[in-house]
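Raw contents of structure.csv, CSV, C-alpha atoms:
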```csv
chain,number,residue,atom,x,y,z
A,2,MET,CA,-14.2,-32.3,28.2
A,3,LYS,CA,-13.0,-31.9,31.8
A,4,GLN,CA,-9.5,-31.3,30.6
A,5,PHE,CA,-10.6,-28.6,28.2
A,6,CYS,CA,-12.6,-26.8,30.9
A,7,PHE,CA,-9.5,-27.0,33.2
A,8,LEU,CA,-7.3,-25.5,30.5
A,9,LEU,CA,-9.9,-22.8,29.9
A,10,LEU,CA,-10.0,-22.0,33.6
A,11,ILE,CA,-6.1,-21.6,33.6
A,12,TRP,CA,-6.2,-19.4,30.6
A,13,SER,CA,-8.9,-17.2,32.2
A,14,PHE,CA,-6.8,-16.9,35.3
A,15,VAL,CA,-3.8,-15.8,33.2
A,16,THR,CA,-5.8,-13.3,31.3
A,17,MET,CA,-7.3,-11.9,34.5
A,18,SER,CA,-4.0,-11.7,36.4
A,19,TRP,CA,-2.4,-9.7,33.5
A,20,ALA,CA,-5.5,-7.6,32.9
A,21,GLN,CA,-5.1,-6.1,36.4
A,22,GLN,CA,-2.3,-4.0,35.1
A,23,GLN,CA,-4.4,-2.0,32.6
A,24,PRO,CA,-2.9,1.4,31.7
A,25,SER,CA,-4.6,4.7,32.2
A,26,ALA,CA,-6.6,6.2,29.3
A,27,GLU,CA,-3.9,8.8,28.8
A,28,ALA,CA,-1.1,6.2,28.7
A,29,GLN,CA,-3.0,4.0,26.4
A,30,GLY,CA,-3.9,6.8,24.0
A,31,TRP,CA,-0.2,7.9,23.8
A,32,TYR,CA,0.9,4.3,23.3
A,33,LYS,CA,-1.6,3.5,20.5
A,34,LYS,CA,-0.6,6.6,18.5
A,35,GLY,CA,2.9,5.2,18.3
A,36,ALA,CA,4.7,8.4,17.6
A,37,TRP,CA,7.3,7.3,20.2
A,38,ARG,CA,8.5,4.6,17.8
A,39,GLN,CA,10.0,7.2,15.5
A,40,GLY,CA,8.9,5.2,12.4
A,41,TRP,CA,10.5,2.0,13.6
A,42,LYS,CA,8.3,-0.9,12.4
A,43,VAL,CA,9.2,-3.4,15.0
A,44,LYS,CA,6.3,-3.8,17.5
A,45,PRO,CA,6.4,-4.2,21.3
A,46,TYR,CA,5.3,-7.5,22.8
A,47,ALA,CA,1.6,-7.6,23.8
A,48,GLN,CA,2.1,-7.9,27.6
A,49,MET,CA,4.4,-4.8,28.0
A,50,ASP,CA,3.7,-2.6,31.0
A,51,VAL,CA,2.4,0.4,29.1
A,52,GLU,CA,1.8,2.6,32.1
A,53,THR,CA,5.4,2.3,33.3
A,54,PHE,CA,6.7,2.8,29.8
A,55,TYR,CA,4.6,6.0,29.5
A,56,ARG,CA,5.8,7.4,32.8
A,57,GLN,CA,9.4,6.7,32.1
A,58,TYR,CA,9.2,8.2,28.6
A,59,GLN,CA,7.8,11.4,29.9
A,60,LEU,CA,10.9,11.9,32.1
A,61,HIS,CA,13.3,11.7,29.1
A,62,PRO,CA,11.4,12.0,25.8
A,63,ALA,CA,14.3,13.2,23.7
A,64,MET,CA,16.5,10.3,24.9
A,65,TYR,CA,13.8,7.7,24.1
A,66,ASP,CA,13.1,9.3,20.7
A,67,SER,CA,16.8,9.0,19.9
A,68,ILE,CA,17.0,5.4,21.0
A,69,PHE,CA,14.1,4.4,18.8
A,70,ALA,CA,15.4,6.4,15.9
A,71,TRP,CA,18.8,4.6,16.3
A,72,LEU,CA,17.0,1.2,16.4
A,73,LYS,CA,15.3,2.1,13.1
A,74,SER,CA,18.6,3.0,11.4
A,75,VAL,CA,21.1,0.5,12.8
A,76,ASP,CA,22.4,-2.3,10.7
A,77,ALA,CA,21.5,-4.9,13.3
A,78,VAL,CA,22.6,-8.0,11.4
A,79,GLY,CA,25.6,-6.6,9.5
A,80,SER,CA,27.3,-4.8,12.4
A,81,ALA,CA,29.9,-6.5,14.5
A,82,PRO,CA,29.1,-7.5,18.0
A,83,ALA,CA,30.2,-4.7,20.4
A,84,LYS,CA,29.6,-3.3,23.8
A,85,ALA,CA,28.5,0.3,24.2
A,86,VAL,CA,28.0,0.5,20.5
A,87,MET,CA,25.8,3.6,21.1
A,88,LYS,CA,25.4,5.8,24.2
A,89,TRP,CA,22.8,8.2,25.4
A,90,SER,CA,22.5,10.3,28.6
A,91,HIS,CA,21.0,7.5,30.6
A,92,ALA,CA,21.3,4.5,28.3
A,93,VAL,CA,23.8,2.3,26.4
A,94,ALA,CA,23.3,-0.2,23.6
A,95,ASN,CA,25.1,-3.5,23.0
A,96,ILE,CA,25.1,-5.8,20.0
A,97,GLN,CA,25.5,-9.4,21.1
A,98,ASP,CA,25.8,-12.9,19.7
A,99,LEU,CA,24.4,-15.2,22.3
A,100,PRO,CA,24.2,-19.0,22.3
A,101,LEU,CA,20.9,-20.3,23.6
A,102,ARG,CA,20.7,-22.5,26.7
A,103,THR,CA,18.8,-25.5,27.9
A,104,PRO,CA,16.1,-24.8,30.6
A,105,GLU,CA,18.4,-26.0,33.4
A,106,ASN,CA,21.0,-23.4,32.4
A,107,THR,CA,18.8,-20.3,32.1
A,108,GLN,CA,18.2,-18.0,35.1
A,109,TRP,CA,15.4,-15.7,36.2
A,110,GLU,CA,16.8,-12.2,36.7
A,111,GLN,CA,15.6,-8.8,38.0
A,112,HIS,CA,17.1,-5.4,37.7
A,113,ARG,CA,16.4,-2.5,40.0
A,114,ARG,CA,18.0,0.5,38.3
A,115,HIS,CA,17.7,-0.3,34.7
A,116,ILE,CA,15.1,-1.2,32.0
A,117,ASP,CA,16.1,-3.9,29.5
A,118,LEU,CA,15.1,-3.2,25.9
A,119,GLN,CA,15.7,-6.5,24.0
A,120,TRP,CA,15.4,-7.1,20.3
A,121,VAL,CA,16.4,-10.4,18.8
A,122,VAL,CA,17.2,-9.6,15.2
A,123,ALA,CA,18.4,-13.1,13.9
A,124,GLY,CA,17.3,-16.5,15.3
A,125,SER,CA,14.6,-17.2,17.8
A,126,GLU,CA,15.0,-17.0,21.6
A,127,ARG,CA,12.6,-18.2,24.3
A,128,LEU,CA,12.0,-15.7,27.0
A,129,ALA,CA,9.7,-15.8,30.0
A,130,ILE,CA,8.3,-13.2,32.3
A,131,THR,CA,6.5,-13.0,35.7
A,132,ARG,CA,5.5,-10.1,37.8
A,133,ASP,CA,4.6,-12.2,40.8
A,134,THR,CA,7.6,-12.3,43.1
A,135,THR,CA,5.8,-14.3,45.8
A,136,ILE,CA,6.3,-17.4,43.7
A,137,LEU,CA,10.1,-16.9,43.6
A,138,ASP,CA,13.1,-17.5,45.9
A,139,PRO,CA,16.3,-15.5,45.5
A,140,ARG,CA,19.3,-17.6,44.3
A,141,ASN,CA,21.8,-14.9,45.4
A,142,LYS,CA,22.0,-11.4,46.9
A,143,TYR,CA,21.3,-8.3,44.8
A,144,ASN,CA,24.5,-7.2,43.1
A,145,PRO,CA,24.4,-3.4,42.9
A,146,LYS,CA,27.5,-3.2,40.6
A,147,LYS,CA,25.8,-5.5,38.0
A,148,ASP,CA,22.3,-4.4,38.9
A,149,VAL,CA,21.0,-7.9,39.0
A,150,GLN,CA,19.5,-10.5,41.2
A,151,ASN,CA,18.6,-14.1,40.2
A,152,PHE,CA,15.7,-16.2,41.3
A,153,ARG,CA,14.1,-19.6,41.0
A,154,PHE,CA,10.6,-20.9,41.4
A,155,LYS,CA,9.7,-22.0,45.0
A,156,ASN,CA,7.8,-24.9,43.5
A,157,ALA,CA,7.3,-26.5,40.1
A,158,PRO,CA,5.9,-23.6,37.9
A,159,SER,CA,2.4,-23.8,36.5
A,160,ALA,CA,1.0,-22.2,33.4
A,161,GLN,CA,-0.6,-19.3,35.2
A,162,GLN,CA,2.5,-18.2,37.0
A,163,TYR,CA,4.5,-16.9,34.0
A,164,ILE,CA,4.3,-16.2,30.3
A,165,LEU,CA,6.5,-17.7,27.6
A,166,LEU,CA,7.6,-15.5,24.7
A,167,ASP,CA,9.3,-16.8,21.6
A,168,SER,CA,11.1,-13.9,19.9
A,169,ASP,CA,11.1,-12.9,16.3
A,170,PRO,CA,12.8,-9.9,14.6
A,171,LYS,CA,9.4,-8.1,14.2
A,172,ARG,CA,9.0,-7.8,18.0
A,173,PHE,CA,10.9,-6.2,20.8
A,174,TYR,CA,10.7,-6.4,24.6
A,175,LEU,CA,10.9,-3.8,27.4
A,176,PHE,CA,11.5,-5.4,30.8
A,177,PHE,CA,11.0,-3.0,33.8
A,178,PRO,CA,12.2,-3.6,37.4
A,179,THR,CA,8.8,-5.3,38.1
A,180,ASP,CA,9.4,-7.7,35.2
A,181,VAL,CA,11.4,-10.7,36.5
A,182,HIS,CA,12.5,-12.3,33.2
A,183,GLU,CA,14.3,-15.3,31.9
A,184,CYS,CA,16.3,-15.1,28.7
A,185,CYS,CA,18.5,-17.1,26.2
A,186,GLY,CA,16.2,-20.2,26.2
A,187,ILE,CA,16.0,-22.5,23.2
A,188,ALA,CA,12.9,-21.8,21.2
A,189,ASP,CA,13.0,-23.7,17.9
A,190,LYS,CA,16.5,-25.2,18.0
A,191,PRO,CA,19.9,-24.7,19.7
A,192,GLU,CA,21.5,-21.8,18.0
A,193,THR,CA,23.3,-18.5,18.5
A,194,VAL,CA,21.1,-15.5,18.2
A,195,ARG,CA,22.0,-11.9,17.3
A,196,LYS,CA,20.5,-9.5,19.8
A,197,ILE,CA,20.5,-5.8,20.6
A,198,VAL,CA,20.1,-5.0,24.3
A,199,VAL,CA,19.7,-1.4,25.4
A,200,LYS,CA,20.2,-0.8,29.1
A,201,ILE,CA,18.1,2.2,30.0
A,202,GLU,CA,18.2,3.9,33.5
A,203,TYR,CA,15.0,3.5,35.5
A,204,PHE,CA,13.8,6.6,37.3
A,205,GLU,CA,11.6,6.4,40.4
```
Transcribe the structure of this file into structure tokens.
Amino acid sequence: MKQFCFLLLIWSFVTMSWAQQQPSAEAQGWYKKGAWRQGWKVKPYAQMDVETFYRQYQLHPAMYDSIFAWLKSVDAVGSAPAKAVMKWSHAVANIQDLPLRTPENTQWEQHRRHIDLQWVVAGSERLAITRDTTILDPRNKYNPKKDVQNFRFKNAPSAQQYILLDSDPKRFYLFFPTDVHECCGIADKPETVRKIVVKIEYFE
């Protein structure tokens, strides 16, 4: 019983910490209408930063509409892996086949100038996300050319410090500069997954 109460307390803390990032009514209404998906049936992950997505979309709506229309029409499984398979004014799409890694070989990463749209179309990949940078230490300096910096936990992580996400083809992920994320982890089994990654420029 004590263990159950402790787990319930942890889950309440997780829910509370993520609930602090509630979007505005305007952003939430726009998001729920879903016209931005351009008829694409793949759904965003539940913890996505709706407010930031809404603000970024308003700056370049035609580009975002084109990105989602392309995602709806692309032969994601049948196409050959390729870099820059599609380009927009401030975005580029890559089709990748990526081998999954054991936990000791994955890395937490953060981008400052780009948004990652990630869609695993074949296989299942374990991802993780945190928005609390106080629990992380940098592993290297920020690389402006690659727009990436890697991190590790200061101490052994606990359940309330991050969220694990096991991908499936019916869900996509948008990681903004505030979303420190870890990718390419083994979910069900060691395998190579097919993944589309769209790198979208982030505007202040």
Atom CA of Glu52 of chain A and atom CA of Asp117 of chain A are how many Å apart?
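Those two atoms sit 15.9 Å apart.
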Would you list the contacts of Lys142 of chain A as a list in words, taking every protein, DNA or RNA residue within 9 Å and counting all atoms listed in the file, but skipping same-chain residues closer than 6 positions in sequence?
Val149, Gln150 and Asn151 of chain A
A:Arg140, A:His182, A:Lys146, A:Arg195 ranked by distance to Trp109 of chain A, top pick (using all atoms listed in the file):
A:His182
What gap, in Å, lies between atom CA of Gln23 of chain A and atom CA of Asp138 of chain A?
26.9 Å
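Residues of protein, DNA and RNA with at least one atom no farther than 12 Å from (21.1, -8.9, 10.1) are, using only C-alpha atoms, Val75, Asp76, Ala77, Val78, Gly79, Ser80, Ala81, Pro82, Ile96, Gln97, Asp98, Trp120, Val121, Val122, Ala123, Gly124, Pro170, Val194, Arg195, Lys196 and Ile197 of chain A.
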Between A:Ser168, A:Asn95, A:Thr179, A:Ser74, which one has atoms that come closest to Thr131 of chain A, using all atoms listed in the file?
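The closest residue to Thr131 of chain A is A:Thr179.
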Counting only C-alpha atoms, note down every residue that has an atom within 12 Å of the point (6.8, 1.8, 14.2) (file coordinates), as a list in words.
Tyr32, Lys33, Lys34, Gly35, Ala36, Trp37, Arg38, Gln39, Gly40, Trp41, Lys42, Val43, Lys44, Pro45, Asp66, Phe69, Ala70, Leu72, Lys73, Lys171, Arg172 and Phe173 of chain A
Grab the residues selected above and save them as a PDB file, in the frame of the given file with C-alpha atoms.
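Once written, result.pdb looks like this:
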```
ATOM      1  CA  TYR A  32       0.900   4.300  23.300  1.00  0.00           C
ATOM      2  CA  LYS A  33      -1.600   3.500  20.500  1.00  0.00           C
ATOM      3  CA  LYS A  34      -0.600   6.600  18.500  1.00  0.00           C
ATOM      4  CA  GLY A  35       2.900   5.200  18.300  1.00  0.00           C
ATOM      5  CA  ALA A  36       4.700   8.400  17.600  1.00  0.00           C
ATOM      6  CA  TRP A  37       7.300   7.300  20.200  1.00  0.00           C
ATOM      7  CA  ARG A  38       8.500   4.600  17.800  1.00  0.00           C
ATOM      8  CA  GLN A  39      10.000   7.200  15.500  1.00  0.00           C
ATOM      9  CA  GLY A  40       8.900   5.200  12.400  1.00  0.00           C
ATOM     10  CA  TRP A  41      10.500   2.000  13.600  1.00  0.00           C
ATOM     11  CA  LYS A  42       8.300  -0.900  12.400  1.00  0.00           C
ATOM     12  CA  VAL A  43       9.200  -3.400  15.000  1.00  0.00           C
ATOM     13  CA  LYS A  44       6.300  -3.800  17.500  1.00  0.00           C
ATOM     14  CA  PRO A  45       6.400  -4.200  21.300  1.00  0.00           C
ATOM     15  CA  ASP A  66      13.100   9.300  20.700  1.00  0.00           C
ATOM     16  CA  PHE A  69      14.100   4.400  18.800  1.00  0.00           C
ATOM     17  CA  ALA A  70      15.400   6.400  15.900  1.00  0.00           C
ATOM     18  CA  LEU A  72      17.000   1.200  16.400  1.00  0.00           C
ATOM     19  CA  LYS A  73      15.300   2.100  13.100  1.00  0.00           C
ATOM     20  CA  LYS A 171       9.400  -8.100  14.200  1.00  0.00           C
ATOM     21  CA  ARG A 172       9.000  -7.800  18.000  1.00  0.00           C
ATOM     22  CA  PHE A 173      10.900  -6.200  20.800  1.00  0.00           C
TER      23      PHE A 173
END
```
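If you measure from each of A:Ile164, A:Val198, A:Leu118, A:Val86 to Tyr65 of chain A using only C-alpha atoms, the closest one turns out to be A:Leu118.
Omitting Leu101 of chain A and its sequence neighbours fewer than 5 positions away, and counting all atoms listed in the file, the residues within 10 Å are A:Asn106, A:Thr107, A:Gly124, A:Ser125, A:Glu126, A:Arg127, A:Cys184, A:Cys185, A:Gly186, A:Ile187, A:Ala188, A:Lys190, A:Pro191, A:Glu192, A:Thr193, A:Val194.
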Only C-alpha atoms, please: the residues just picked out, written as a PDB file, keeping the file's coordinate frame.
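Written output follows (out_19.pdb):
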```pdb
ATOM      1  CA  ASN A 106      21.000 -23.400  32.400  1.00  0.00           C
ATOM      2  CA  THR A 107      18.800 -20.300  32.100  1.00  0.00           C
ATOM      3  CA  GLY A 124      17.300 -16.500  15.300  1.00  0.00           C
ATOM      4  CA  SER A 125      14.600 -17.200  17.800  1.00  0.00           C
ATOM      5  CA  GLU A 126      15.000 -17.000  21.600  1.00  0.00           C
ATOM      6  CA  ARG A 127      12.600 -18.200  24.300  1.00  0.00           C
ATOM      7  CA  CYS A 184      16.300 -15.100  28.700  1.00  0.00           C
ATOM      8  CA  CYS A 185      18.500 -17.100  26.200  1.00  0.00           C
ATOM      9  CA  GLY A 186      16.200 -20.200  26.200  1.00  0.00           C
ATOM     10  CA  ILE A 187      16.000 -22.500  23.200  1.00  0.00           C
ATOM     11  CA  ALA A 188      12.900 -21.800  21.200  1.00  0.00           C
ATOM     12  CA  LYS A 190      16.500 -25.200  18.000  1.00  0.00           C
ATOM     13  CA  PRO A 191      19.900 -24.700  19.700  1.00  0.00           C
ATOM     14  CA  GLU A 192      21.500 -21.800  18.000  1.00  0.00           C
ATOM     15  CA  THR A 193      23.300 -18.500  18.500  1.00  0.00           C
ATOM     16  CA  VAL A 194      21.100 -15.500  18.200  1.00  0.00           C
TER      17      VAL A 194
END
```
Show which residues sit within 9 Å of Leu175 of chain A, as a PDB file with C-alpha atoms, in the coordinates of the input. Count only C-alpha atoms, and ignore same-chain residues fewer than 3 positions away.
```
ATOM      1  CA  PRO A  45       6.400  -4.200  21.300  1.00  0.00           C
ATOM      2  CA  TYR A  46       5.300  -7.500  22.800  1.00  0.00           C
ATOM      3  CA  MET A  49       4.400  -4.800  28.000  1.00  0.00           C
ATOM      4  CA  ASP A  50       3.700  -2.600  31.000  1.00  0.00           C
ATOM      5  CA  PHE A  54       6.700   2.800  29.800  1.00  0.00           C
ATOM      6  CA  ILE A 116      15.100  -1.200  32.000  1.00  0.00           C
ATOM      7  CA  ASP A 117      16.100  -3.900  29.500  1.00  0.00           C
ATOM      8  CA  LEU A 118      15.100  -3.200  25.900  1.00  0.00           C
ATOM      9  CA  GLN A 119      15.700  -6.500  24.000  1.00  0.00           C
ATOM     10  CA  ASP A 180       9.400  -7.700  35.200  1.00  0.00           C
TER      11      ASP A 180
END
```
Phe204 of chain A environment, 12 Å, only C-alpha atoms, sequence neighbours closer than 5 positions dropped, as a ChimeraX atom specification
/A:53-54,56-61,91-92,113-116,177-178
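Of the listed residues A:Leu128, A:Ile68, A:Ala157, A:Val199, the one whose atoms come nearest to Arg102 of chain A is A:Leu128, with distances taken using only C-alpha atoms.
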Two-atom distance - atom CA of His112 of chain A, atom CA of Asn156 of chain A (Å)
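About the pair atom CA of His112 of chain A and atom CA of Asn156 of chain A: they are 22.4 Å apart.
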Need to verify the contact set: Ser90 of chain A, 12 Å, only C-alpha atoms, exclusion of same-chain residues closer than 3 positions in sequence. Can you return it as a ChimeraX atom specification?
/A:61-65,67-68,87,93-94,200-202
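Comparing A:Pro145, A:Glu105, A:Ile136, A:Val51 by their smallest distance to Gln161 of chain A, the closest is A:Ile136 (using all atoms listed in the file).
The residue that comes closest to Tyr174 of chain A, out of A:Asp148, A:Tyr55, A:Pro139, A:Gln48 and on the basis of only C-alpha atoms, is A:Gln48.
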Would you mind completing segment 38-71 of chain A to N, CA and C atoms and writing the output as a PDB file, in the frame of the given file?
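For reference, result.pdb as written:
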```pdb
ATOM      1  N   ARG A  38       7.653   5.539  18.520  1.00  0.00           N
ATOM      2  CA  ARG A  38       8.500   4.600  17.800  1.00  0.00           C
ATOM      3  C   ARG A  38       9.344   5.216  16.725  1.00  0.00           C
ATOM      4  N   GLN A  39       9.142   6.479  16.455  1.00  0.00           N
ATOM      5  CA  GLN A  39      10.000   7.200  15.500  1.00  0.00           C
ATOM      6  C   GLN A  39      10.036   6.512  14.118  1.00  0.00           C
ATOM      7  N   GLY A  40       8.926   5.912  13.742  1.00  0.00           N
ATOM      8  CA  GLY A  40       8.900   5.200  12.400  1.00  0.00           C
ATOM      9  C   GLY A  40       9.444   3.844  12.415  1.00  0.00           C
ATOM     10  N   TRP A  41       9.956   3.379  13.550  1.00  0.00           N
ATOM     11  CA  TRP A  41      10.500   2.000  13.600  1.00  0.00           C
ATOM     12  C   TRP A  41       9.336   1.024  13.519  1.00  0.00           C
ATOM     13  N   LYS A  42       9.441   0.056  12.646  1.00  0.00           N
ATOM     14  CA  LYS A  42       8.300  -0.900  12.400  1.00  0.00           C
ATOM     15  C   LYS A  42       8.228  -2.035  13.313  1.00  0.00           C
ATOM     16  N   VAL A  43       9.256  -2.279  14.092  1.00  0.00           N
ATOM     17  CA  VAL A  43       9.200  -3.400  15.000  1.00  0.00           C
ATOM     18  C   VAL A  43       8.248  -3.090  16.160  1.00  0.00           C
ATOM     19  N   LYS A  44       7.401  -4.061  16.490  1.00  0.00           N
ATOM     20  CA  LYS A  44       6.300  -3.800  17.500  1.00  0.00           C
ATOM     21  C   LYS A  44       6.701  -4.338  18.854  1.00  0.00           C
ATOM     22  N   PRO A  45       6.176  -3.716  19.908  1.00  0.00           N
ATOM     23  CA  PRO A  45       6.400  -4.200  21.300  1.00  0.00           C
ATOM     24  C   PRO A  45       5.580  -5.465  21.546  1.00  0.00           C
ATOM     25  N   TYR A  46       6.027  -6.253  22.480  1.00  0.00           N
ATOM     26  CA  TYR A  46       5.300  -7.500  22.800  1.00  0.00           C
ATOM     27  C   TYR A  46       3.978  -7.081  23.549  1.00  0.00           C
ATOM     28  N   ALA A  47       2.966  -7.909  23.404  1.00  0.00           N
ATOM     29  CA  ALA A  47       1.600  -7.600  23.800  1.00  0.00           C
ATOM     30  C   ALA A  47       1.451  -7.304  25.294  1.00  0.00           C
ATOM     31  N   GLN A  48       2.249  -7.969  26.125  1.00  0.00           N
ATOM     32  CA  GLN A  48       2.100  -7.900  27.600  1.00  0.00           C
ATOM     33  C   GLN A  48       2.930  -6.786  28.218  1.00  0.00           C
ATOM     34  N   MET A  49       3.483  -5.879  27.432  1.00  0.00           N
ATOM     35  CA  MET A  49       4.400  -4.800  28.000  1.00  0.00           C
ATOM     36  C   MET A  49       3.599  -3.953  28.972  1.00  0.00           C
ATOM     37  N   ASP A  50       4.301  -3.475  29.984  1.00  0.00           N
ATOM     38  CA  ASP A  50       3.700  -2.600  31.000  1.00  0.00           C
ATOM     39  C   ASP A  50       3.656  -1.170  30.407  1.00  0.00           C
ATOM     40  N   VAL A  51       2.541  -0.866  29.773  1.00  0.00           N
ATOM     41  CA  VAL A  51       2.400   0.400  29.100  1.00  0.00           C
ATOM     42  C   VAL A  51       2.413   1.589  30.004  1.00  0.00           C
ATOM     43  N   GLU A  52       1.810   1.457  31.155  1.00  0.00           N
ATOM     44  CA  GLU A  52       1.800   2.600  32.100  1.00  0.00           C
ATOM     45  C   GLU A  52       3.164   2.983  32.564  1.00  0.00           C
ATOM     46  N   THR A  53       3.982   1.999  32.913  1.00  0.00           N
ATOM     47  CA  THR A  53       5.400   2.300  33.300  1.00  0.00           C
ATOM     48  C   THR A  53       6.166   2.882  32.193  1.00  0.00           C
ATOM     49  N   PHE A  54       6.006   2.323  31.009  1.00  0.00           N
ATOM     50  CA  PHE A  54       6.700   2.800  29.800  1.00  0.00           C
ATOM     51  C   PHE A  54       6.329   4.310  29.599  1.00  0.00           C
ATOM     52  N   TYR A  55       5.055   4.617  29.681  1.00  0.00           N
ATOM     53  CA  TYR A  55       4.600   6.000  29.500  1.00  0.00           C
ATOM     54  C   TYR A  55       5.207   6.938  30.481  1.00  0.00           C
ATOM     55  N   ARG A  56       5.231   6.550  31.739  1.00  0.00           N
ATOM     56  CA  ARG A  56       5.800   7.400  32.800  1.00  0.00           C
ATOM     57  C   ARG A  56       7.292   7.609  32.620  1.00  0.00           C
ATOM     58  N   GLN A  57       7.981   6.562  32.260  1.00  0.00           N
ATOM     59  CA  GLN A  57       9.400   6.700  32.100  1.00  0.00           C
ATOM     60  C   GLN A  57       9.744   7.543  30.839  1.00  0.00           C
ATOM     61  N   TYR A  58       8.970   7.386  29.795  1.00  0.00           N
ATOM     62  CA  TYR A  58       9.200   8.200  28.600  1.00  0.00           C
ATOM     63  C   TYR A  58       9.016   9.664  28.857  1.00  0.00           C
ATOM     64  N   GLN A  59       8.017  10.026  29.658  1.00  0.00           N
ATOM     65  CA  GLN A  59       7.800  11.400  29.900  1.00  0.00           C
ATOM     66  C   GLN A  59       8.929  12.122  30.632  1.00  0.00           C
ATOM     67  N   LEU A  60       9.748  11.357  31.339  1.00  0.00           N
ATOM     68  CA  LEU A  60      10.900  11.900  32.100  1.00  0.00           C
ATOM     69  C   LEU A  60      12.037  12.278  31.138  1.00  0.00           C
ATOM     70  N   HIS A  61      12.192  11.515  30.035  1.00  0.00           N
ATOM     71  CA  HIS A  61      13.300  11.700  29.100  1.00  0.00           C
ATOM     72  C   HIS A  61      12.845  11.474  27.667  1.00  0.00           C
ATOM     73  N   PRO A  62      11.890  12.243  27.164  1.00  0.00           N
ATOM     74  CA  PRO A  62      11.400  12.000  25.800  1.00  0.00           C
ATOM     75  C   PRO A  62      12.392  12.052  24.713  1.00  0.00           C
ATOM     76  N   ALA A  63      13.283  13.039  24.777  1.00  0.00           N
ATOM     77  CA  ALA A  63      14.300  13.200  23.700  1.00  0.00           C
ATOM     78  C   ALA A  63      15.209  11.991  23.656  1.00  0.00           C
ATOM     79  N   MET A  64      15.578  11.457  24.822  1.00  0.00           N
ATOM     80  CA  MET A  64      16.500  10.300  24.900  1.00  0.00           C
ATOM     81  C   MET A  64      15.751   9.074  24.248  1.00  0.00           C
ATOM     82  N   TYR A  65      14.502   8.838  24.652  1.00  0.00           N
ATOM     83  CA  TYR A  65      13.800   7.700  24.100  1.00  0.00           C
ATOM     84  C   TYR A  65      13.571   7.849  22.600  1.00  0.00           C
ATOM     85  N   ASP A  66      13.273   9.063  22.149  1.00  0.00           N
ATOM     86  CA  ASP A  66      13.100   9.300  20.700  1.00  0.00           C
ATOM     87  C   ASP A  66      14.404   8.940  19.971  1.00  0.00           C
ATOM     88  N   SER A  67      15.542   9.325  20.543  1.00  0.00           N
ATOM     89  CA  SER A  67      16.800   9.000  19.900  1.00  0.00           C
ATOM     90  C   SER A  67      17.125   7.542  19.913  1.00  0.00           C
ATOM     91  N   ILE A  68      16.756   6.846  20.981  1.00  0.00           N
ATOM     92  CA  ILE A  68      17.000   5.400  21.000  1.00  0.00           C
ATOM     93  C   ILE A  68      16.181   4.699  19.935  1.00  0.00           C
ATOM     94  N   PHE A  69      14.904   5.044  19.795  1.00  0.00           N
ATOM     95  CA  PHE A  69      14.100   4.400  18.800  1.00  0.00           C
ATOM     96  C   PHE A  69      14.493   4.775  17.372  1.00  0.00           C
ATOM     97  N   ALA A  70      14.934   6.012  17.184  1.00  0.00           N
ATOM     98  CA  ALA A  70      15.400   6.400  15.900  1.00  0.00           C
ATOM     99  C   ALA A  70      16.702   5.628  15.517  1.00  0.00           C
ATOM    100  N   TRP A  71      17.563   5.383  16.510  1.00  0.00           N
ATOM    101  CA  TRP A  71      18.800   4.600  16.300  1.00  0.00           C
ATOM    102  C   TRP A  71      18.411   3.150  15.927  1.00  0.00           C
TER     103      TRP A  71
END
```
